[in-house]
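Below is one structure; the comments refer to it alone.
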Amino acid sequence: MKAVLRAKRENMPGIYFFDMDHTLIDNDCDVSWKSFVVEQKLAPSDALERATFYYYQYVDGKLEVSDFMDFQLREFVGKTEAEMDKLVRLHFETWVKKTIFPGAETEVRRIKAFGLPVVLLSATNIVIARPVAEYFGFDACLATELEIKDGRYTGKLGGEYVLGAGKIKIAREYCESHDLTLADAAYYGDSVNDIPVLEAVGFPIAANPCSELEAKARKNNWPILKFN
């Protein structure tokens with residue numbers, strides 16, 4: 001709390017939120033997840049083509065969320081938390097870990113040294129996102145929750161999809177639970193889908209921005225970071 005109060009006095013962020021894919025890692029975890037499950041023979045090879053289709057919908061800011069989640073969560077249906085935890089950790093070790101930006105690790109370590117809350121904020125489902133959050137040592141992982149009934153995943157959302165307005169809502173609620181507001185928050189994001197969140201926080205940072213976001217950042221004098 002002392003660190004947060006000091007940050008406020010010095011007009012610095014009191015909390016830091018990070019997007020995940022292409023911000024912290026040179027990877028899209030939803031796409032690499034499908035590559036992983038095809039490799040593990042848990043999904044047919046044509047799943048890769050469909051995953052790529054949804055990825056470009058996301059890049060264009062036009063993701064059909066309901067259709068995408070039905071597709072993305074097929075491997076979860078009927079599985080226990082323990083079964084999925086084993087799979088997602090193997091996915092992280094074999095597909096994701098090698099794509100972490102060293103510069104992102106350095107930035108997170110720099111911020112953690114301030115003693116301020118550092119939080120992962122991702123549209124990716126929380127089961128896949130959690131190993132990334134744990135690797136970086138984040139204080140919390142805010143991501144799309146999944147429904148569990150009778151101890152097994154149903155393949156349905158457990159709440160709101162954490163994108164756009166959904167991401168702003170969950171970030172605001174987390175801030176309020178720590179006696180902060182979005183005006184006190186920094187957010188690192190890379191895509192057009194991050195623009196609403198960047199506009200909502202007090203300290204927007206374009207990290208590895210796509211061309212559209214980079215143009216927006218330059219127009220608004222937002223800091224631009226490019227991790228390597």
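Residues in the structure tokens are numbered from 1 in each chain, the chains being A, B, ... in the order shown, and ligands are numbered from 1 in the order shown.
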
Return as JSON lines the residues of range 142-223 of chain A lying at most 6 Å from range 119-132 of chain A, together with the closest atom-to-atom pair for each and the distance in Å to one decimal, counting only C-alpha atoms, with rows in chain order and ascending residue number.
{"residue": "A:Leu142", "atom": "CA", "partner": "A:Leu121", "partner_atom": "CA", "distance": 4.8}
{"residue": "A:Ala143", "atom": "CA", "partner": "A:Ile126", "partner_atom": "CA", "distance": 4.8}
{"residue": "A:Thr144", "atom": "CA", "partner": "A:Asn125", "partner_atom": "CA", "distance": 4.4}
{"residue": "A:Glu145", "atom": "CA", "partner": "A:Ile126", "partner_atom": "CA", "distance": 5.7}
{"residue": "A:Val162", "atom": "CA", "partner": "A:Ala123", "partner_atom": "CA", "distance": 4.6}
{"residue": "A:Leu163", "atom": "CA", "partner": "A:Ala123", "partner_atom": "CA", "distance": 5.3}

Same residues, N, CA and C atoms, saved as a PDB file, in the first residue's frame:
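And here's part.pdb as it stands now:
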ATOM      1  N   LEU A 142      -5.957 -12.252 -14.819  1.00  0.00           N
ATOM      2  CA  LEU A 142      -7.330 -11.923 -15.200  1.00  0.00           C
ATOM      3  C   LEU A 142      -7.510 -12.336 -16.658  1.00  0.00           C
ATOM      4  N   ALA A 143      -8.361 -13.314 -16.877  1.00  0.00           N
ATOM      5  CA  ALA A 143      -8.533 -13.870 -18.219  1.00  0.00           C
ATOM      6  C   ALA A 143      -9.935 -14.464 -18.321  1.00  0.00           C
ATOM      7  N   THR A 144     -10.264 -14.970 -19.489  1.00  0.00           N
ATOM      8  CA  THR A 144     -11.603 -15.511 -19.724  1.00  0.00           C
ATOM      9  C   THR A 144     -11.827 -16.778 -18.908  1.00  0.00           C
ATOM     10  N   GLU A 145     -12.831 -16.735 -18.039  1.00  0.00           N
ATOM     11  CA  GLU A 145     -13.140 -17.877 -17.181  1.00  0.00           C
ATOM     12  C   GLU A 145     -13.954 -18.922 -17.935  1.00  0.00           C
ATOM     13  N   VAL A 162     -13.175 -11.773 -22.058  1.00  0.00           N
ATOM     14  CA  VAL A 162     -12.340 -10.645 -21.610  1.00  0.00           C
ATOM     15  C   VAL A 162     -11.666  -9.980 -22.804  1.00  0.00           C
ATOM     16  N   LEU A 163     -12.460  -9.274 -23.565  1.00  0.00           N
ATOM     17  CA  LEU A 163     -11.975  -8.529 -24.723  1.00  0.00           C
ATOM     18  C   LEU A 163     -12.752  -7.228 -24.810  1.00  0.00           C
TER      19      LEU A 163
END

Q: Name the residues in contact with Asn27 in chain A at a cut-off of 10 Å, using only C-alpha atoms, excluding same-chain residues fewer than 6 positions from it; report them as a ChimeraX atom specification.
A: /A:20-21,95-101

Q | For Tyr56 in chain A, the nearest of the candidates A:Phe68, A:Arg172, A:Tyr188, A:Asp26, counting only C-alpha atoms | A |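 Between A:Phe68, A:Arg172, A:Tyr188, A:Asp26, the residue approaching Tyr56 in chain A most closely is A:Phe68.
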
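In this model, the gap between CA of Pro223 in chain A and CA of Ile205 in chain A comes to 5.1 Å.
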
Q: Would you kindly return, as a PyMOL selection string, each protein, DNA or RNA residue with an atom no farther than 6 Å from any atom of Tyr16 in chain A, considering only C-alpha atoms and excluding same-chain residues fewer than 4 positions away?
A: chain A and resi 118+185-187

Q) What's the 12 Å shell around Ala47 in chain A, counting only C-alpha atoms, without same-chain residues fewer than 3 positions away, as a VMD selection string? A) chain A and resid 30 to 39 41 to 44 50 to 54 68 71 to 75

What would the file look like if the residues just selected were written as an mmCIF file, in the first residue's frame with N, CA and C atoms?
data_model
loop_
_atom_site.group_PDB
_atom_site.id
_atom_site.type_symbol
_atom_site.label_atom_id
_atom_site.label_comp_id
_atom_site.auth_asym_id
_atom_site.auth_seq_id
_atom_site.Cartn_x
_atom_site.Cartn_y
_atom_site.Cartn_z
ATOM 1 N N ASP A 30 -3.845 -19.045 -28.465
ATOM 2 C CA ASP A 30 -4.997 -19.784 -28.995
ATOM 3 C C ASP A 30 -4.609 -20.582 -30.229
ATOM 4 N N VAL A 31 -3.750 -20.009 -31.066
ATOM 5 C CA VAL A 31 -3.288 -20.720 -32.258
ATOM 6 C C VAL A 31 -2.307 -21.826 -31.863
ATOM 7 N N SER A 32 -1.352 -21.513 -30.991
ATOM 8 C CA SER A 32 -0.373 -22.535 -30.615
ATOM 9 C C SER A 32 -1.033 -23.674 -29.838
ATOM 10 N N TRP A 33 -2.118 -23.370 -29.115
ATOM 11 C CA TRP A 33 -2.849 -24.433 -28.431
ATOM 12 C C TRP A 33 -3.382 -25.451 -29.434
ATOM 13 N N LYS A 34 -3.941 -24.969 -30.534
ATOM 14 C CA LYS A 34 -4.457 -25.889 -31.542
ATOM 15 C C LYS A 34 -3.328 -26.670 -32.202
ATOM 16 N N SER A 35 -2.186 -26.012 -32.427
ATOM 17 C CA SER A 35 -1.028 -26.740 -32.960
ATOM 18 C C SER A 35 -0.611 -27.843 -31.990
ATOM 19 N N PHE A 36 -0.647 -27.526 -30.713
ATOM 20 C CA PHE A 36 -0.275 -28.490 -29.679
ATOM 21 C C PHE A 36 -1.225 -29.681 -29.645
ATOM 22 N N VAL A 37 -2.542 -29.408 -29.659
ATOM 23 C CA VAL A 37 -3.487 -30.528 -29.550
ATOM 24 C C VAL A 37 -3.502 -31.381 -30.812
ATOM 25 N N VAL A 38 -3.197 -30.771 -31.967
ATOM 26 C CA VAL A 38 -3.038 -31.573 -33.188
ATOM 27 C C VAL A 38 -1.809 -32.465 -33.038
ATOM 28 N N GLU A 39 -0.729 -31.896 -32.540
ATOM 29 C CA GLU A 39 0.501 -32.658 -32.306
ATOM 30 C C GLU A 39 0.256 -33.825 -31.340
ATOM 31 N N LYS A 41 -2.460 -35.356 -31.032
ATOM 32 C CA LYS A 41 -3.519 -36.181 -31.626
ATOM 33 C C LYS A 41 -4.839 -36.101 -30.837
ATOM 34 N N LEU A 42 -5.078 -34.911 -30.308
ATOM 35 C CA LEU A 42 -6.333 -34.644 -29.611
ATOM 36 C C LEU A 42 -7.312 -33.871 -30.486
ATOM 37 N N ALA A 43 -6.841 -33.442 -31.655
ATOM 38 C CA ALA A 43 -7.676 -32.697 -32.595
ATOM 39 C C ALA A 43 -7.219 -33.041 -34.005
ATOM 40 N N PRO A 44 -8.127 -32.953 -34.994
ATOM 41 C CA PRO A 44 -7.751 -33.237 -36.381
ATOM 42 C C PRO A 44 -6.866 -32.138 -36.953
ATOM 43 N N ARG A 50 -8.630 -23.710 -39.216
ATOM 44 C CA ARG A 50 -9.709 -22.980 -38.558
ATOM 45 C C ARG A 50 -9.162 -22.012 -37.519
ATOM 46 N N ALA A 51 -8.123 -22.433 -36.791
ATOM 47 C CA ALA A 51 -7.504 -21.560 -35.792
ATOM 48 C C ALA A 51 -6.929 -20.313 -36.443
ATOM 49 N N THR A 52 -6.315 -20.485 -37.603
ATOM 50 C CA THR A 52 -5.747 -19.352 -38.333
ATOM 51 C C THR A 52 -6.840 -18.401 -38.794
ATOM 52 N N PHE A 53 -7.955 -18.960 -39.224
ATOM 53 C CA PHE A 53 -9.104 -18.147 -39.641
ATOM 54 C C PHE A 53 -9.571 -17.245 -38.502
ATOM 55 N N TYR A 54 -9.720 -17.815 -37.307
ATOM 56 C CA TYR A 54 -10.169 -17.013 -36.166
ATOM 57 C C TYR A 54 -9.105 -16.006 -35.738
ATOM 58 N N PHE A 68 -16.025 -18.859 -32.125
ATOM 59 C CA PHE A 68 -14.626 -19.111 -31.782
ATOM 60 C C PHE A 68 -14.508 -19.936 -30.512
ATOM 61 N N PHE A 71 -15.315 -23.570 -30.904
ATOM 62 C CA PHE A 71 -14.183 -24.249 -31.556
ATOM 63 C C PHE A 71 -13.004 -24.390 -30.603
ATOM 64 N N GLN A 72 -12.667 -23.325 -29.925
ATOM 65 C CA GLN A 72 -11.439 -23.288 -29.134
ATOM 66 C C GLN A 72 -11.482 -24.225 -27.935
ATOM 67 N N LEU A 73 -12.667 -24.461 -27.403
ATOM 68 C CA LEU A 73 -12.785 -25.226 -26.160
ATOM 69 C C LEU A 73 -13.165 -26.689 -26.375
ATOM 70 N N ARG A 74 -13.114 -27.164 -27.600
ATOM 71 C CA ARG A 74 -13.524 -28.551 -27.853
ATOM 72 C C ARG A 74 -12.705 -29.554 -27.055
ATOM 73 N N GLU A 75 -11.424 -29.287 -26.912
ATOM 74 C CA GLU A 75 -10.563 -30.232 -26.193
ATOM 75 C C GLU A 75 -10.782 -30.193 -24.680
#

Q: Point out the residue among A:Val192, A:Glu81, A:Phe114, A:Leu225 with the least atom-to-atom distance to Ser211 in chain A, counting only C-alpha atoms.
A: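 Selected residue with least distance to Ser211 in chain A: A:Val192.
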
Q) Residues of chain A in strand (DSSP E) according to DSSP, as an MDAnalysis selection string? A) chainID A and resid 15:18 118:125 140:144 146:149 152:157 185:189 203:207 224:225

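Picture a line from CA of Leu146 in chain A to CA of Cys175 in chain A; it runs 22.1 Å.
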